[in-house]
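Below is run_16.txt, which holds compact mmCIF, C-alpha atoms.
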# COMPACT_ATOMS: atom_id res chain seq x y z
CA MET A 708 -124.84 183.46 202.84
CA VAL A 709 -126.50 182.06 205.91
CA ILE A 710 -126.16 178.42 206.69
CA GLY A 711 -128.74 176.90 208.97
CA ALA A 712 -127.63 175.37 212.28
CA ARG A 713 -128.63 171.87 211.17
CA ARG A 714 -126.75 172.15 207.92
CA ALA A 715 -123.68 173.50 209.75
CA ALA A 716 -123.82 170.56 212.17
CA LEU A 717 -124.13 168.13 209.27
CA VAL A 718 -121.17 169.70 207.45
CA ALA A 719 -119.11 169.57 210.67
CA ALA A 720 -120.03 165.91 211.23
CA VAL A 721 -119.14 164.94 207.66
CA GLY A 722 -115.89 166.90 207.93
CA ALA A 723 -114.98 165.21 211.20
CA ALA A 724 -115.77 161.77 209.75
CA ALA A 725 -113.70 162.49 206.64
CA THR A 726 -110.78 163.75 208.74
CA GLY A 727 -111.01 160.66 210.98
CA ALA A 728 -111.12 158.38 207.93
CA TRP A 729 -108.10 160.14 206.41
CA PHE A 730 -106.09 159.77 209.64
CA TRP A 731 -107.12 156.12 209.89
CA TRP A 732 -106.22 155.42 206.27
CA SER A 733 -102.87 157.23 206.40
CA SER A 734 -101.80 156.01 209.85
CA PRO A 735 -98.55 153.99 210.07
CA GLU A 736 -100.49 150.93 211.30
CA ARG A 737 -102.74 151.02 208.26
CA ALA A 738 -99.79 151.60 205.89
CA ILE A 739 -97.95 148.63 207.40
CA ARG A 740 -101.00 146.38 207.03
CA ARG A 741 -101.32 147.46 203.40
CA ALA A 742 -97.62 146.75 202.78
CA LEU A 743 -97.94 143.22 204.20
CA ASP A 744 -101.14 142.52 202.25
CA ASP A 745 -99.35 143.75 199.13
CA VAL A 746 -96.46 141.30 199.63
CA ALA A 747 -98.92 138.44 200.16
CA ALA A 748 -100.83 139.40 197.01
CA ARG A 749 -97.65 139.55 194.93
CA ILE A 750 -96.52 136.10 196.03
CA SER A 751 -99.98 134.53 195.59
CA HIS A 752 -100.97 133.04 192.27
CA ASP A 753 -103.90 130.90 191.11
CA ALA A 754 -102.20 129.32 188.11
CA PRO A 755 -98.61 128.24 187.39
CA LEU A 756 -96.34 131.23 186.65
CA GLN A 757 -93.49 130.83 184.21
CA GLY A 758 -90.22 132.70 183.57
CA LEU A 759 -90.89 136.41 183.25
CA ALA A 760 -94.18 136.41 185.15
CA ALA A 761 -92.55 134.61 188.08
CA ALA A 762 -89.57 136.99 187.96
CA ALA A 763 -91.88 140.02 187.91
CA ALA A 764 -93.85 138.71 190.89
CA ALA A 765 -90.64 138.00 192.78
CA ALA A 766 -89.25 141.45 191.98
CA GLY A 767 -92.45 143.06 193.23
CA ALA A 768 -92.27 141.10 196.47
CA GLN A 769 -88.54 141.81 196.81
CA ASP A 770 -89.24 145.53 196.66
CA ALA A 771 -91.09 145.26 199.97
CA PHE A 772 -87.79 144.45 201.75
CA THR A 773 -84.84 146.63 202.74
CA PRO A 774 -81.48 145.76 201.09
CA ASP A 775 -80.19 144.25 204.35
CA ALA A 776 -83.36 142.28 205.15
CA ALA A 777 -83.00 138.93 206.89
CA ILE A 778 -85.50 136.08 207.11
CA GLU A 779 -85.37 133.22 209.58
CA PRO A 780 -88.18 130.91 208.46
CA GLY A 781 -87.21 128.14 210.86
CA PRO A 782 -86.55 124.46 210.10
CA PRO A 783 -86.30 122.95 207.56
CA PHE A 784 -85.50 126.21 205.75
CA GLY A 785 -82.25 128.10 206.15
CA ARG A 786 -81.71 131.78 206.92
CA LEU A 787 -82.00 134.25 204.05
CA ALA A 788 -79.79 137.32 204.17
CA GLY A 789 -80.27 140.30 201.84
CA ARG A 790 -83.05 141.46 199.56
CA ASP A 791 -81.65 139.61 196.54
CA ALA A 792 -81.64 136.31 198.40
CA VAL A 793 -85.25 136.93 199.45
CA GLY A 794 -86.25 137.67 195.86
CA ALA A 795 -84.53 134.53 194.59
CA ALA A 796 -86.25 132.40 197.24
CA VAL A 797 -89.63 133.90 196.36
CA ALA A 798 -89.02 133.17 192.67
CA ARG A 799 -88.12 129.56 193.48
CA ALA A 800 -91.25 129.20 195.61
CA ILE A 801 -93.45 130.57 192.84
CA LEU A 802 -91.90 128.30 190.20
CA ALA A 803 -92.11 125.25 192.47
CA THR A 804 -95.84 125.62 193.07
CA ARG A 805 -98.83 125.25 190.80
CA ALA A 806 -100.81 127.67 192.97
CA LEU A 807 -100.10 129.56 196.16
CA GLN A 808 -102.44 131.64 198.30
CA VAL A 809 -100.80 133.61 201.08
CA GLU A 810 -102.82 135.52 203.64
CA ILE A 811 -101.62 137.68 206.53
CA VAL A 812 -104.04 137.75 209.47
CA ASP A 813 -104.18 138.71 213.15
CA VAL A 814 -101.83 141.62 212.53
CA GLN A 815 -100.68 143.55 215.62
CA VAL A 816 -98.56 146.63 214.98
CA ALA A 817 -96.43 148.50 217.52
CA VAL A 818 -94.88 151.63 216.02
CA HIS A 819 -91.74 152.80 217.83
CA ALA A 820 -91.29 156.32 219.12
CA GLY A 821 -90.36 158.59 216.23
CA GLY A 822 -92.57 156.63 213.84
CA ALA A 823 -89.73 155.36 211.66
CA SER A 824 -89.76 151.71 212.70
CA ALA A 825 -92.23 149.16 213.98
CA ASP A 826 -92.62 145.64 215.30
CA VAL A 827 -95.37 143.51 213.84
CA GLY A 828 -96.83 140.25 215.09
CA CYS A 829 -99.02 138.29 212.69
CA THR A 830 -99.95 134.92 211.33
CA ALA A 831 -99.16 133.94 207.75
CA ARG A 832 -101.37 131.25 206.25
CA ALA A 833 -100.46 129.63 202.95
CA ARG A 834 -102.44 127.16 200.86
CA VAL A 835 -100.00 125.49 198.51
CA VAL A 836 -100.86 123.42 195.45
CA HIS A 837 -97.70 121.51 194.54
CA GLN A 838 -96.64 120.60 191.02
CA ASP A 839 -97.85 117.03 191.56
CA GLY A 840 -101.33 118.33 192.44
CA GLY A 841 -100.98 117.67 196.18
CA GLU A 842 -102.27 120.40 198.45
CA THR A 843 -101.00 121.51 201.85
CA VAL A 844 -101.94 124.26 204.26
CA GLU A 845 -99.27 125.91 206.37
CA ALA A 846 -99.61 128.50 209.11
CA ARG A 847 -96.80 130.30 210.89
CA GLU A 848 -96.73 132.99 213.53
CA LEU A 849 -94.30 135.65 212.43
CA SER A 850 -92.42 138.40 214.20
CA ILE A 851 -91.62 141.13 211.67
CA ALA A 852 -89.44 144.22 212.01
CA MET A 853 -90.23 147.08 209.63
CA LYS A 854 -88.87 150.54 208.99
CA ARG A 855 -89.56 153.49 206.74
CA HIS A 856 -87.06 153.26 203.91
CA GLU A 857 -87.09 155.43 200.79
CA GLY A 858 -90.53 156.78 201.59
CA ARG A 859 -92.39 153.59 202.37
CA TRP A 860 -92.63 150.86 204.99
CA ARG A 861 -90.32 147.95 204.22
CA ILE A 862 -89.51 144.71 205.96
CA THR A 863 -86.10 144.48 207.62
CA ALA A 864 -86.48 141.12 209.34
CA ILE A 865 -88.89 138.21 209.60
CA ARG A 866 -88.58 135.51 212.23
CA ALA A 867 -90.86 132.49 212.58
CA VAL A 868 -92.10 132.11 216.15
CA ASP A 869 -92.05 128.60 217.62
CA VAL A 870 -95.68 128.04 218.64
CA LEU A 871 -94.83 124.39 219.22
CA GLU A 872 -91.35 123.79 220.58
CA PRO A 873 -89.83 121.00 218.47
CA VAL A 874 -89.10 117.76 220.30
CA SER A 875 -87.66 115.61 217.53
CA MET B 414 -169.95 145.46 188.73
CA ALA B 415 -166.56 146.35 187.31
CA ASP B 416 -166.02 148.81 190.20
CA THR B 417 -166.69 146.03 192.73
CA THR B 418 -164.17 143.73 191.02
CA VAL B 419 -161.50 146.43 191.18
CA ARG B 420 -162.24 147.05 194.85
CA ASN B 421 -162.08 143.33 195.61
CA ALA B 422 -158.74 143.04 193.84
CA ALA B 423 -157.38 146.05 195.76
CA SER B 424 -158.65 144.60 199.01
CA ALA B 425 -157.02 141.23 198.26
CA THR B 426 -153.69 142.95 197.53
CA THR B 427 -153.88 144.88 200.81
CA THR B 428 -154.67 141.67 202.71
CA ASP B 429 -151.70 139.91 201.09
CA ARG B 430 -149.41 142.76 202.07
CA LEU B 431 -150.66 142.67 205.64
CA ARG B 432 -150.12 138.91 205.79
CA LEU B 433 -146.62 139.25 204.40
CA ARG B 434 -145.82 142.04 206.84
CA ARG B 435 -147.21 139.99 209.72
CA PHE B 436 -145.18 136.97 208.56
CA VAL B 437 -141.97 139.03 208.43
CA VAL B 438 -142.25 141.24 211.52
CA GLY B 439 -145.02 139.49 213.47
CA ALA B 440 -148.10 140.96 215.12
CA HIS B 441 -145.97 143.22 217.33
CA PRO B 442 -143.11 144.68 215.26
CA ARG B 443 -141.50 146.38 218.27
CA ARG B 444 -141.28 143.12 220.19
CA THR B 445 -139.97 141.32 217.10
CA LEU B 446 -137.28 143.96 216.74
CA LEU B 447 -136.28 143.55 220.39
CA ARG B 448 -136.18 139.76 220.04
CA ALA B 449 -134.04 140.03 216.89
CA ALA B 450 -131.67 142.45 218.63
CA ALA B 451 -131.41 140.16 221.68
CA LEU B 452 -130.74 137.12 219.47
CA THR B 453 -128.07 139.03 217.53
CA VAL B 454 -126.29 140.05 220.74
CA LEU B 455 -126.56 136.50 222.11
CA ALA B 456 -125.18 134.95 218.90
CA TYR B 457 -122.35 137.49 218.75
CA ALA B 458 -121.42 136.86 222.39
CA THR B 459 -121.69 133.08 222.07
CA PHE B 460 -119.79 132.62 218.82
CA GLY B 461 -117.37 135.51 219.36
CA TRP B 462 -116.36 134.81 222.96
CA VAL B 463 -117.44 131.38 224.15
CA LEU B 464 -117.79 128.91 221.28
CA LEU B 465 -115.46 129.87 218.46
CA PRO B 466 -116.32 128.28 215.10
CA VAL B 467 -113.20 126.88 213.40
CA ARG B 468 -112.93 125.19 210.03
CA GLY B 469 -110.30 122.45 209.89
CA GLN B 470 -107.72 122.74 207.13
CA GLY B 471 -105.19 120.12 206.23
CA ALA B 472 -104.85 116.45 207.09
CA SER B 473 -102.90 116.45 210.36
CA MET B 474 -105.98 115.61 212.50
CA ALA B 475 -107.42 113.01 210.10
CA PRO B 476 -109.51 110.95 210.51
CA THR B 477 -110.89 112.68 213.62
CA ILE B 478 -111.23 116.08 211.95
CA GLY B 479 -111.32 116.18 208.17
CA ASP B 480 -110.26 118.93 205.80
CA GLY B 481 -113.03 121.53 205.76
CA GLN B 482 -114.87 120.15 208.79
CA LEU B 483 -116.41 122.75 211.09
CA VAL B 484 -115.78 122.41 214.83
CA LEU B 485 -116.32 124.66 217.84
CA VAL B 486 -113.73 125.71 220.38
CA ASN B 487 -115.06 126.10 223.91
CA ARG B 488 -113.02 128.89 225.47
CA TRP B 489 -114.51 128.26 228.90
CA SER B 490 -113.66 124.57 229.07
CA TYR B 491 -110.46 125.16 231.05
CA TRP B 492 -111.78 127.95 233.21
CA ARG B 493 -111.85 125.77 236.36
CA SER B 494 -109.83 122.76 235.23
CA ASP B 495 -106.63 122.01 233.36
CA PRO B 496 -106.34 120.39 229.93
CA GLN B 497 -106.18 116.60 230.09
CA ARG B 498 -104.42 113.93 228.09
CA GLY B 499 -106.60 112.99 225.10
CA ASP B 500 -108.28 116.40 224.81
CA ILE B 501 -108.38 117.98 221.38
CA VAL B 502 -107.43 121.62 221.81
CA ALA B 503 -107.06 124.76 219.74
CA LEU B 504 -103.78 126.64 220.06
CA ARG B 505 -103.52 130.27 219.13
CA LEU B 506 -100.83 131.67 216.88
CA ALA B 507 -100.66 135.49 216.66
CA GLY B 508 -104.40 135.71 217.22
CA ARG B 509 -107.52 133.62 217.01
CA ARG B 510 -108.30 133.77 213.29
CA VAL B 511 -105.86 130.96 212.54
CA MET B 512 -105.26 128.28 215.16
CA TYR B 513 -103.62 124.87 215.37
CA VAL B 514 -105.92 122.02 216.35
CA LYS B 515 -104.04 119.17 218.06
CA ARG B 516 -104.50 116.42 220.61
CA ILE B 517 -102.79 116.50 224.00
CA VAL B 518 -100.71 113.37 224.60
CA GLY B 519 -98.59 114.67 227.47
CA ILE B 520 -99.38 116.92 230.43
CA PRO B 521 -97.04 118.66 232.90
CA GLY B 522 -94.91 116.13 234.78
CA ASP B 523 -95.16 113.46 232.06
CA ARG B 524 -92.23 111.81 230.34
CA VAL B 525 -93.23 111.08 226.75
CA ARG B 526 -91.46 109.21 223.97
CA ILE B 527 -92.56 107.95 220.58
CA ALA B 528 -91.28 104.62 219.28
CA ASP B 529 -92.31 103.39 215.82
CA GLY B 530 -95.31 105.72 215.87
CA VAL B 531 -96.53 104.54 219.30
CA VAL B 532 -96.71 107.12 222.09
CA HIS B 533 -95.44 106.02 225.50
CA VAL B 534 -96.23 108.11 228.57
CA ASN B 535 -94.29 107.51 231.78
CA GLY B 536 -93.10 104.18 230.41
CA ARG B 537 -96.56 102.91 229.40
CA ARG B 538 -98.04 102.69 225.95
CA LEU B 539 -100.77 105.32 225.48
CA ASP B 540 -104.06 103.86 224.28
CA GLU B 541 -104.98 105.85 221.18
CA PRO B 542 -107.99 104.27 219.43
CA TYR B 543 -108.36 107.38 217.24
CA VAL B 544 -105.07 106.69 215.42
CA ARG B 545 -105.70 104.60 212.30
CA GLN B 546 -102.30 104.62 210.60
CA ARG B 547 -98.82 104.78 212.05
CA SER B 548 -95.55 105.57 210.36
CA ALA B 549 -92.20 104.91 211.95
CA TRP B 550 -92.02 108.05 214.06
CA ASN B 551 -89.31 108.03 216.69
CA VAL B 552 -88.83 110.73 219.31
CA GLY B 553 -86.59 110.40 222.35
CA GLU B 554 -87.97 110.91 225.84
CA VAL B 555 -89.32 114.40 226.52
CA ALA B 556 -89.89 115.65 230.07
CA LEU B 557 -92.72 118.15 230.37
CA GLU B 558 -92.28 120.98 232.84
CA ALA B 559 -95.04 122.94 234.56
CA GLY B 560 -97.28 124.63 232.01
CA GLU B 561 -96.02 122.47 229.13
CA TYR B 562 -98.17 120.10 227.07
CA LEU B 563 -97.12 117.77 224.30
CA VAL B 564 -99.56 118.11 221.41
CA ILE B 565 -99.74 116.11 218.22
CA GLY B 566 -102.16 115.42 215.39
CA ASP B 567 -104.09 112.15 215.02
CA ASN B 568 -102.73 111.50 211.52
CA ARG B 569 -99.57 109.52 212.27
CA GLY B 570 -99.57 108.02 208.79
CA MET B 571 -97.96 111.10 207.30
CA PRO B 572 -94.19 111.66 207.41
CA MET B 573 -93.07 113.04 210.77
CA GLN B 574 -91.17 115.89 209.09
CA GLN B 575 -94.40 117.18 207.52
CA HIS B 576 -96.34 117.03 210.78
CA GLU B 577 -96.44 120.03 213.09
CA PHE B 578 -96.16 118.82 216.69
CA GLY B 579 -94.26 119.61 219.85
CA LYS B 580 -94.41 121.24 223.26
CA ALA B 581 -97.01 123.97 223.73
CA GLN B 582 -97.29 126.41 226.58
CA ARG B 583 -100.56 126.49 228.56
CA SER B 584 -101.01 130.14 227.54
CA ARG B 585 -101.30 129.01 223.90
CA ILE B 586 -104.30 126.80 224.57
CA VAL B 587 -107.48 128.65 223.62
CA GLY B 588 -109.96 125.94 224.54
CA ARG B 589 -111.23 122.44 223.99
CA VAL B 590 -112.53 121.42 220.58
CA ILE B 591 -116.11 120.18 220.36
CA ARG B 592 -117.09 117.97 217.44
CA TRP B 593 -120.54 116.80 216.39
Rendering of file as structure tokens:
Amino acid sequence: MVIGARRAALVAAVGAAATGAWFWWSSPERAIRRALDDVAARISHDAPLQGLAAAAAAAGAQDAFTPDAAIEPGPPFGRLAGRDAVGAAVARAILATRALQVEIVDVQVAVHAGGASADVGCTARARVVHQDGGETVEARELSIAMKRHEGRWRITAIRAVDVLEPVS
Amino acid sequence: MADTTVRNAASATTTDRLRLRRFVVGAHPRRTLLRAAALTVLAYATFGWVLLPVRGQGASMAPTIGDGQLVLVNRWSYWRSDPQRGDIVALRLAGRRVMYVKRIVGIPGDRVRIADGVVHVNGRRLDEPYVRQRSAWNVGEVALEAGEYLVIGDNRGMPMQQHEFGKAQRSRIVGRVIRW
């Protein structure tokens, strides 16, 4: 079988593009972005969630954290230590809100040497519809530590960055 | 006779197509393409690097900037000068997709305090005609060091605990907000 030069070039170009796309899709940076988007999607809800649905959403979000994960959300919220505490807090947040849309944007990933851990800088934006119908929009810059745990990227720590240093 | 009618109809269709083509791409398609490309590059450069479009969300800057209002952030406004008291500025968080929009009430070297919702700078009451409602906000005196700005929203009617304000570093300021 003889393949023409043009066809060979085309096959090579398609192969190179496919290989590049595969590397891009399977890179740690991309996997980390997907993991964060997944957490945001699990927490978000358009309509009030009750009992089991809220628990299932919280369990799904909880799975994105390592067992020893710690969250420092900053005032007025206290520190959360451990995956179970994170899951419980997520469940409370879901039950306390009529709707919640969380979005992670401006994600910057720095994977450490060895590829088993990474630091992530990002902004989390949340549009909250409270039970009384009131609506608020919150945005926080977050510093997130992640590591590969049981075959996937999980969050080990989240710290809210003070964009505005409190004065009160 | 019938042949002439068909030809006339075909001719009219061709003329319509030519008109439409001329309307869409002009008399000189190559020039039109170049103009469109130049406009695209100009718009991308302007709105991607110089004037950033930002949609306000939330009530912290009410009534000056309402929820959903579109404003522009001029990234070059502080190229040769420093931010001034009274300027509305955009402050970056992790990037530029989500930013805080606040008003500067204190600049480096100022001593600022808030008593019953009224801002005092260096011992004098700050004239703030843009503030319509005031709650009983109280903040002790804050001294601003070099590179520090005190920023706050115009909506002082909301509870202080729900209002994001404080000291911002100069490096956080993306540019001055332009309203229209």
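Checking A:Thr726, A:Gln815, A:Thr773, A:Ser824 one by one against Arg861 (chain A), counting all atoms listed in the file, you find the shortest gap at A:Thr773.
Any residue of chain B with an atom no more than 6 Å from chain A counts as a contact; using all atoms listed in the file, that gives Gly471, Leu506, Ala507, Gly508, Val552, Gly579, Lys580 and Ala581 of chain B.
When CA of Val836 (chain A) is paired with CA of Leu756 (chain A), their separation reads 12.6 Å.
Rounded to one decimal, CA of Gly519 (chain B) and CA of Val534 (chain B) lie 7.1 Å from each other.
The interatomic distance for the pair CA of Ala864 (chain A) and CA of Phe772 (chain A) works out to 8.4 Å.
The shortest atom-to-atom distance to Leu483 (chain B), with only C-alpha atoms taken into account, belongs to B:Arg468 out of B:Lys515, B:Ala503, B:Arg468, B:Arg432.
The neighbours of Ala762 (chain A) here are the residues that come within 12 Å of it, using only C-alpha atoms and leaving out any residue fewer than 4 positions away in the same chain; they are A:Arg749, A:Ile750, A:Leu756, A:Gln757, A:Gly758, A:Ala766, A:Gly767, A:Ala768, A:Gln769, A:Asp791, A:Gly794, A:Ala795, A:Ala796, A:Val797, A:Ala798, A:Arg799, A:Ala800, A:Ile801, A:Leu802.
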Next item on the list: For Gly822 (chain A), please output as a ChimeraX atom specification all residues within 12 Å (counting all atoms listed in the file; exclusion window: fewer than 6 positions along the same chain).
Entry: /A:734-736,738-739,816,853-856,859-860
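Comparing the minimum interatomic distances between Val463 (chain B) and each of B:Arg547, B:Met573, B:Val590, B:Gly439, counting all atoms listed in the file, we find that B:Val590 sits nearest.
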Notebook entry, point to check: Which residues, written as a PyMOL selection string, have at least one atom at most 10 Å from Gly841 (chain A), with all atoms listed in the file counted and residues fewer than 3 positions away on the same chain left out?
Noted result: chain A and resi 804-805+835-838
At a cut-off of 7 Å from (-100.0, 132.1, 192.8) in the coordinates of the file, what residues are picked up using all atoms listed in the file, written as a tab-separated table (two decimals) with C-alpha atoms, in the frame of the given file?
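Saved as part_20.tsv:
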chain	number	residue	atom	x	y	z
A	750	ILE	CA	-96.52	136.10	196.03
A	751	SER	CA	-99.98	134.53	195.59
A	752	HIS	CA	-100.97	133.04	192.27
A	753	ASP	CA	-103.90	130.90	191.11
A	754	ALA	CA	-102.20	129.32	188.11
A	755	PRO	CA	-98.61	128.24	187.39
A	801	ILE	CA	-93.45	130.57	192.84
A	806	ALA	CA	-100.81	127.67	192.97
A	807	LEU	CA	-100.10	129.56	196.16
A	808	GLN	CA	-102.44	131.64	198.30
Model the absent atoms of region 793-808 of chain A so that N, CA and C atoms are present, and write the result as a compact mmCIF listing (two decimals), in the coordinates of the input.
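File out_28.txt, as written:
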# COMPACT_ATOMS: atom_id res chain seq x y z
N VAL A 793 -83.80 137.05 199.21
CA VAL A 793 -85.25 136.93 199.45
C VAL A 793 -85.98 136.82 198.11
N GLY A 794 -85.61 137.69 197.18
CA GLY A 794 -86.25 137.67 195.86
C GLY A 794 -86.04 136.34 195.15
N ALA A 795 -84.82 135.82 195.24
CA ALA A 795 -84.53 134.53 194.59
C ALA A 795 -85.35 133.41 195.22
N ALA A 796 -85.47 133.44 196.55
CA ALA A 796 -86.25 132.40 197.24
C ALA A 796 -87.73 132.49 196.87
N VAL A 797 -88.22 133.71 196.76
CA VAL A 797 -89.63 133.90 196.36
C VAL A 797 -89.84 133.36 194.95
N ALA A 798 -88.91 133.66 194.05
CA ALA A 798 -89.02 133.17 192.67
C ALA A 798 -89.03 131.65 192.64
N ARG A 799 -88.15 131.04 193.44
CA ARG A 799 -88.12 129.56 193.48
C ARG A 799 -89.44 129.00 194.00
N ALA A 800 -89.97 129.67 195.03
CA ALA A 800 -91.25 129.20 195.61
C ALA A 800 -92.38 129.30 194.60
N ILE A 801 -92.39 130.38 193.84
CA ILE A 801 -93.45 130.57 192.84
C ILE A 801 -93.33 129.52 191.73
N LEU A 802 -92.09 129.27 191.28
CA LEU A 802 -91.90 128.30 190.20
C LEU A 802 -92.17 126.87 190.67
N ALA A 803 -91.95 126.62 191.95
CA ALA A 803 -92.11 125.25 192.47
C ALA A 803 -93.56 124.90 192.78
N THR A 804 -94.45 125.88 192.69
CA THR A 804 -95.84 125.62 193.07
C THR A 804 -96.77 125.85 191.89
N ARG A 805 -97.82 125.06 191.85
CA ARG A 805 -98.83 125.25 190.80
C ARG A 805 -99.74 126.43 191.18
N ALA A 806 -100.03 126.54 192.46
CA ALA A 806 -100.81 127.67 192.97
C ALA A 806 -100.40 127.93 194.41
N LEU A 807 -100.52 129.18 194.81
CA LEU A 807 -100.10 129.56 196.16
C LEU A 807 -100.97 130.73 196.62
N GLN A 808 -101.62 130.55 197.74
CA GLN A 808 -102.44 131.64 198.30
C GLN A 808 -101.90 131.99 199.67
